[in-house]
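File shown: final-v2.txt (compact mmCIF, C-alpha atoms).
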# COMPACT_ATOMS: atom_id res chain seq x y z
CA MET A 848 0.00 0.00 0.00
CA PRO A 849 1.51 3.37 -1.01
CA SER A 850 2.39 5.85 1.69
CA LEU A 851 0.54 9.14 2.04
CA ARG A 852 3.51 10.95 0.53
CA GLU A 853 3.58 8.62 -2.48
CA ALA A 854 -0.17 9.02 -2.94
CA GLN A 855 0.15 12.79 -2.88
CA LYS A 856 2.96 12.70 -5.44
CA GLN A 857 0.88 10.51 -7.73
CA LEU A 858 -2.08 12.87 -7.35
CA THR A 859 0.11 15.81 -8.33
CA ARG A 860 1.45 13.89 -11.31
CA ASP A 861 -2.06 12.89 -12.40
CA THR A 862 -3.28 16.49 -12.09
CA ILE A 863 -0.40 17.81 -14.19
CA VAL A 864 -1.07 15.21 -16.87
CA GLU A 865 -4.81 15.88 -16.85
CA LYS A 866 -4.41 19.64 -17.20
CA ALA A 867 -1.65 19.27 -19.79
CA LEU A 868 -3.90 17.03 -21.88
CA GLU A 869 -6.72 19.55 -21.69
CA LEU A 870 -4.48 22.45 -22.70
CA PHE A 871 -2.70 20.56 -25.47
CA THR A 872 -6.06 19.49 -26.89
CA GLU A 873 -7.47 23.00 -26.68
CA LYS A 874 -4.47 25.12 -27.70
CA GLY A 875 -2.07 22.72 -29.35
CA TYR A 876 1.20 21.23 -28.15
CA ALA A 877 3.56 23.93 -29.37
CA ALA A 878 1.35 26.82 -28.21
CA THR A 879 0.99 25.58 -24.63
CA THR A 880 3.60 26.73 -22.10
CA ILE A 881 4.88 24.99 -19.00
CA ASP A 882 3.69 27.94 -16.92
CA GLU A 883 0.15 27.49 -18.25
CA ILE A 884 0.17 23.80 -17.39
CA ALA A 885 1.54 24.44 -13.91
CA ALA A 886 -1.02 27.16 -13.22
CA ALA A 887 -3.90 24.98 -14.43
CA ALA A 888 -2.66 22.18 -12.18
CA GLY A 889 -2.51 24.54 -9.20
CA THR A 890 1.23 24.19 -8.83
CA THR A 891 4.42 25.97 -9.91
CA ARG A 892 6.92 25.76 -12.74
CA VAL A 893 9.50 24.44 -10.27
CA THR A 894 7.18 21.65 -9.17
CA PHE A 895 6.38 20.77 -12.79
CA TYR A 896 10.07 20.34 -13.60
CA ALA A 897 10.55 18.25 -10.46
CA TYR A 898 8.15 15.72 -11.99
CA TYR A 899 8.94 16.27 -15.67
CA PRO A 900 12.41 17.71 -16.36
CA THR A 901 11.50 18.11 -20.05
CA ARG A 902 8.36 18.20 -22.16
CA SER A 903 9.55 14.93 -23.66
CA ASP A 904 9.39 13.35 -20.20
CA LEU A 905 5.76 14.42 -19.98
CA MET A 906 5.11 12.80 -23.36
CA LYS A 907 6.73 9.59 -22.11
CA ASP A 908 4.18 9.60 -19.28
CA PHE A 909 1.42 10.09 -21.85
CA MET A 910 2.66 7.01 -23.70
CA ALA A 911 2.91 5.00 -20.48
CA ARG A 912 -0.73 5.82 -19.76
CA VAL A 913 -1.75 4.67 -23.24
CA ASN A 914 0.02 1.37 -22.61
CA ALA A 915 -1.66 1.04 -19.22
CA VAL A 916 -5.13 1.53 -20.71
CA LEU A 917 -4.40 -1.01 -23.44
CA ASP A 918 -2.71 -3.40 -21.01
CA ARG A 919 0.39 -3.36 -23.18
CA ALA A 920 3.69 -4.38 -21.61
CA ASP A 921 5.75 -1.23 -21.11
CA GLY A 922 9.45 -1.66 -21.67
CA PRO A 923 12.08 -2.71 -24.22
CA GLY A 924 13.36 -6.19 -24.92
CA ARG A 925 10.05 -8.03 -24.81
CA ALA A 926 9.05 -10.67 -27.37
CA SER A 927 5.52 -9.28 -27.37
CA THR A 928 3.88 -6.22 -25.89
CA ALA A 929 0.28 -7.35 -26.45
CA ALA A 930 -0.25 -11.09 -26.27
CA ASP A 931 -3.96 -10.76 -27.08
CA LEU A 932 -3.21 -9.13 -30.43
CA VAL A 933 -0.67 -11.82 -31.25
CA ASP A 934 -3.23 -14.51 -30.41
CA VAL A 935 -5.97 -12.91 -32.52
CA VAL A 936 -3.73 -12.68 -35.58
CA ARG A 937 -2.43 -16.21 -35.08
CA ALA A 938 -5.97 -17.61 -34.83
CA GLY A 939 -6.94 -15.85 -38.05
CA GLU A 940 -10.70 -15.88 -37.47
CA LEU A 941 -12.94 -13.00 -38.54
CA PRO A 942 -15.16 -13.03 -35.40
CA GLY A 943 -12.08 -12.89 -33.19
CA ILE A 944 -10.61 -9.99 -35.14
CA LEU A 945 -13.85 -8.06 -34.94
CA ALA A 946 -14.16 -8.70 -31.20
CA TRP A 947 -10.58 -7.48 -30.63
CA LEU A 948 -11.16 -4.33 -32.70
CA GLU A 949 -14.40 -3.62 -30.83
CA SER A 950 -12.62 -4.00 -27.49
CA ARG A 951 -10.03 -1.44 -28.56
CA ALA A 952 -12.61 0.94 -30.03
CA ALA A 953 -14.45 0.96 -26.69
CA LEU A 954 -11.27 2.45 -25.20
CA TRP A 955 -10.73 5.12 -27.86
CA PRO A 956 -12.28 7.91 -25.76
CA VAL A 957 -9.78 7.11 -22.99
CA PHE A 958 -6.47 6.72 -24.79
CA ARG A 959 -6.82 8.36 -28.21
CA PRO A 960 -6.58 11.94 -26.84
CA TYR A 961 -3.12 11.05 -25.52
CA LEU A 962 -2.09 9.61 -28.88
CA ASP A 963 -3.40 12.65 -30.73
CA VAL A 964 -1.21 14.92 -28.60
CA LEU A 965 1.74 12.58 -29.02
CA ASP A 966 1.33 12.69 -32.80
CA GLU A 967 1.25 16.48 -32.71
CA ALA A 968 4.30 16.64 -30.45
CA ALA A 969 6.17 14.22 -32.71
CA ALA A 970 5.97 16.77 -35.52
CA VAL A 971 8.13 19.24 -33.56
CA ASP A 972 10.12 17.08 -31.14
CA ARG A 973 12.55 14.45 -32.47
CA GLU A 974 12.64 12.55 -29.18
CA VAL A 975 8.86 12.26 -29.13
CA ARG A 976 8.85 11.27 -32.79
CA ASP A 977 11.22 8.41 -32.01
CA LEU A 978 8.99 7.42 -29.08
CA VAL A 979 5.84 7.36 -31.23
CA GLU A 980 7.49 5.57 -34.12
CA GLY A 981 8.87 2.99 -31.70
CA TRP A 982 5.38 2.43 -30.28
CA HIS A 983 3.96 2.00 -33.78
CA GLU A 984 6.65 -0.57 -34.53
CA GLU A 985 5.82 -2.47 -31.34
CA VAL A 986 2.20 -2.87 -32.47
CA ILE A 987 3.27 -3.87 -35.97
CA SER A 988 5.71 -6.40 -34.50
CA ASP A 989 2.89 -8.01 -32.51
CA ILE A 990 0.92 -8.46 -35.72
CA VAL A 991 4.00 -9.89 -37.44
CA ARG A 992 4.54 -12.25 -34.51
CA GLY A 993 1.01 -13.58 -34.93
CA LEU A 994 1.66 -14.24 -38.61
CA GLU A 995 4.94 -15.99 -37.78
CA LEU A 996 3.28 -18.28 -35.24
CA ALA A 997 0.58 -19.13 -37.76
CA GLY A 998 3.13 -19.76 -40.51
CA ARG A 999 1.03 -17.55 -42.71
CA PHE A 1000 2.26 -15.67 -45.80
CA PRO A 1001 5.87 -15.40 -47.00
CA GLU A 1002 8.21 -13.99 -44.39
CA GLU A 1003 9.20 -11.07 -46.61
CA THR A 1004 5.59 -9.80 -46.78
CA ARG A 1005 4.66 -10.03 -43.10
CA HIS A 1006 6.00 -6.68 -41.99
CA ILE A 1007 4.29 -4.71 -44.74
CA ARG A 1008 1.05 -6.54 -43.97
CA GLY A 1009 1.40 -5.61 -40.31
CA THR A 1010 2.19 -2.02 -41.24
CA LEU A 1011 -0.86 -1.74 -43.49
CA ALA A 1012 -3.11 -3.30 -40.84
CA PHE A 1013 -1.87 -0.90 -38.17
CA THR A 1014 -2.24 2.09 -40.50
CA GLN A 1015 -5.85 1.13 -41.28
CA LEU A 1016 -6.71 0.88 -37.59
CA ASP A 1017 -4.96 4.14 -36.72
CA TYR A 1018 -6.74 5.99 -39.52
CA VAL A 1019 -10.19 4.78 -38.52
CA ALA A 1020 -9.50 5.66 -34.88
CA THR A 1021 -8.27 9.12 -35.90
CA LEU A 1022 -11.43 9.77 -37.91
CA TRP A 1023 -13.52 8.86 -34.90
CA THR A 1024 -11.60 10.85 -32.29
CA ARG A 1025 -9.64 13.76 -33.72
CA ARG A 1026 -11.97 14.63 -36.59
CA LYS A 1027 -15.12 13.72 -34.68
CA LEU A 1028 -16.47 11.74 -37.61
CA GLU A 1029 -18.53 8.72 -36.72
CA PRO A 1030 -21.04 7.92 -39.47
CA ASN A 1031 -21.41 4.48 -37.90
CA ARG A 1032 -18.64 3.03 -35.76
CA GLU A 1033 -20.16 -0.45 -35.84
CA HIS A 1034 -20.12 -0.54 -39.64
CA ALA A 1035 -16.64 0.97 -39.77
CA LEU A 1036 -15.30 -1.74 -37.49
CA GLU A 1037 -16.97 -4.47 -39.53
CA VAL A 1038 -15.31 -3.16 -42.69
CA LEU A 1039 -11.98 -2.84 -40.88
CA ALA A 1040 -12.24 -6.39 -39.53
CA ASP A 1041 -12.95 -7.67 -43.03
CA ALA A 1042 -9.94 -5.77 -44.37
CA TRP A 1043 -7.74 -7.23 -41.61
CA TYR A 1044 -9.01 -10.73 -42.33
CA HIS A 1045 -8.11 -10.55 -46.01
CA LEU A 1046 -4.80 -8.83 -45.30
CA LEU A 1047 -3.63 -10.99 -42.40
CA CYS A 1048 -5.54 -14.26 -42.50
CA ASP A 1049 -6.78 -15.25 -45.95
CA ASP A 1050 -3.67 -16.73 -47.53
CA GLY A 1051 -5.62 -18.72 -50.09
CA LYS A 1052 -5.00 -22.03 -48.35
CA GLY A 1053 -8.60 -22.57 -47.31
CA GLN A 1054 -8.27 -21.66 -43.63

Would you write the structure of this file as structure tokens?
Amino acid sequence: MPSLREAQKQLTRDTIVEKALELFTEKGYAATTIDEIAAAAGTTRVTFYAYYPTRSDLMKDFMARVNAVLDRADGPGRASTAADLVDVVRAGELPGILAWLESRAALWPVFRPYLDVLDEAAAVDREVRDLVEGWHEEVISDIVRGLELAGRFPEETRHIRGTLAFTQLDYVATLWTRRKLEPNREHALEVLADAWYHLLCDDGKGQ
């Protein structure tokens, strides 16, 4: 059980992140100052830097929170960061793919705002760009791992298939969150699941 001091520190950290997310979403990453974040969080610039020495450190916390929501393993050197995604791709069944996509879409309102800010920050901060690109590659690698375990498709095509699948998912999620377009999320996910099935599972061998 965390001590009172640890709980207070976590509360301060959570408040800074919450207010930073609000300001970044409202004003944009580059236009928001540390002083504005600190004031909104009811603290000082000195306190902010005690928790986040750089803006990039704040973005690393954003990414950690995305991973926590998605139950992705956080840290380098792991064979897989999302075993459930690996399993879904390995199984190669349309209902399973759709169920996995629906489970992630249900979490879009929670984690996509963080990713939207991270994408914006990546455009102006090389360290954040490397962080985001590394996260993208982790997801793609999980898809590739599923294909490897299934022995599906030639090895030289697996990474591009994983990249295309991730890009499709990211685009649909972006339409729903950042651009506030949701003609019908259920139908969009059904189309996406079908696209994933043909891209990742239907290798013409009758499975």

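Remark: for Pro1001 of chain A, the closest of the candidate residues A:Val864, A:Leu1047, A:Met906, A:Ile944 is A:Leu1047 (distances computed over all atoms listed in the file).
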
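Remark: for Gly943 of chain A, the closest of the candidate residues A:Trp955, A:Met910, A:Asp931, A:Thr1014 is A:Asp931 (distances computed over only C-alpha atoms).
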
Would you list the residues near (-0.6, 17.2, -33.6), meaning any protein, DNA or RNA residue with an atom at most 10 Å from that point in file coordinates, counting only C-alpha atoms, as a ChimeraX atom specification? /A:871-872,875-877,962-971,1025

Given all atoms listed in the file as the basis, pick out the residue of A:Leu905, A:Leu945, A:Leu1046, A:Ala911 nearest to Glu1033 of chain A. A:Leu945

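When only C-alpha atoms are used to measure the gap to Thr890 of chain A, the shortest distance among A:Val935, A:Val1038, A:Leu1016, A:Ile863 belongs to A:Ile863.
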
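The neighbours of Leu941 of chain A here are the residues that come within 9 Å of it, using only C-alpha atoms and leaving out any residue fewer than 3 positions away in the same chain; they are A:Ile944, A:Leu945, A:Ala946, A:Ala1040, A:Asp1041, A:Trp1043, A:Tyr1044, A:Cys1048.
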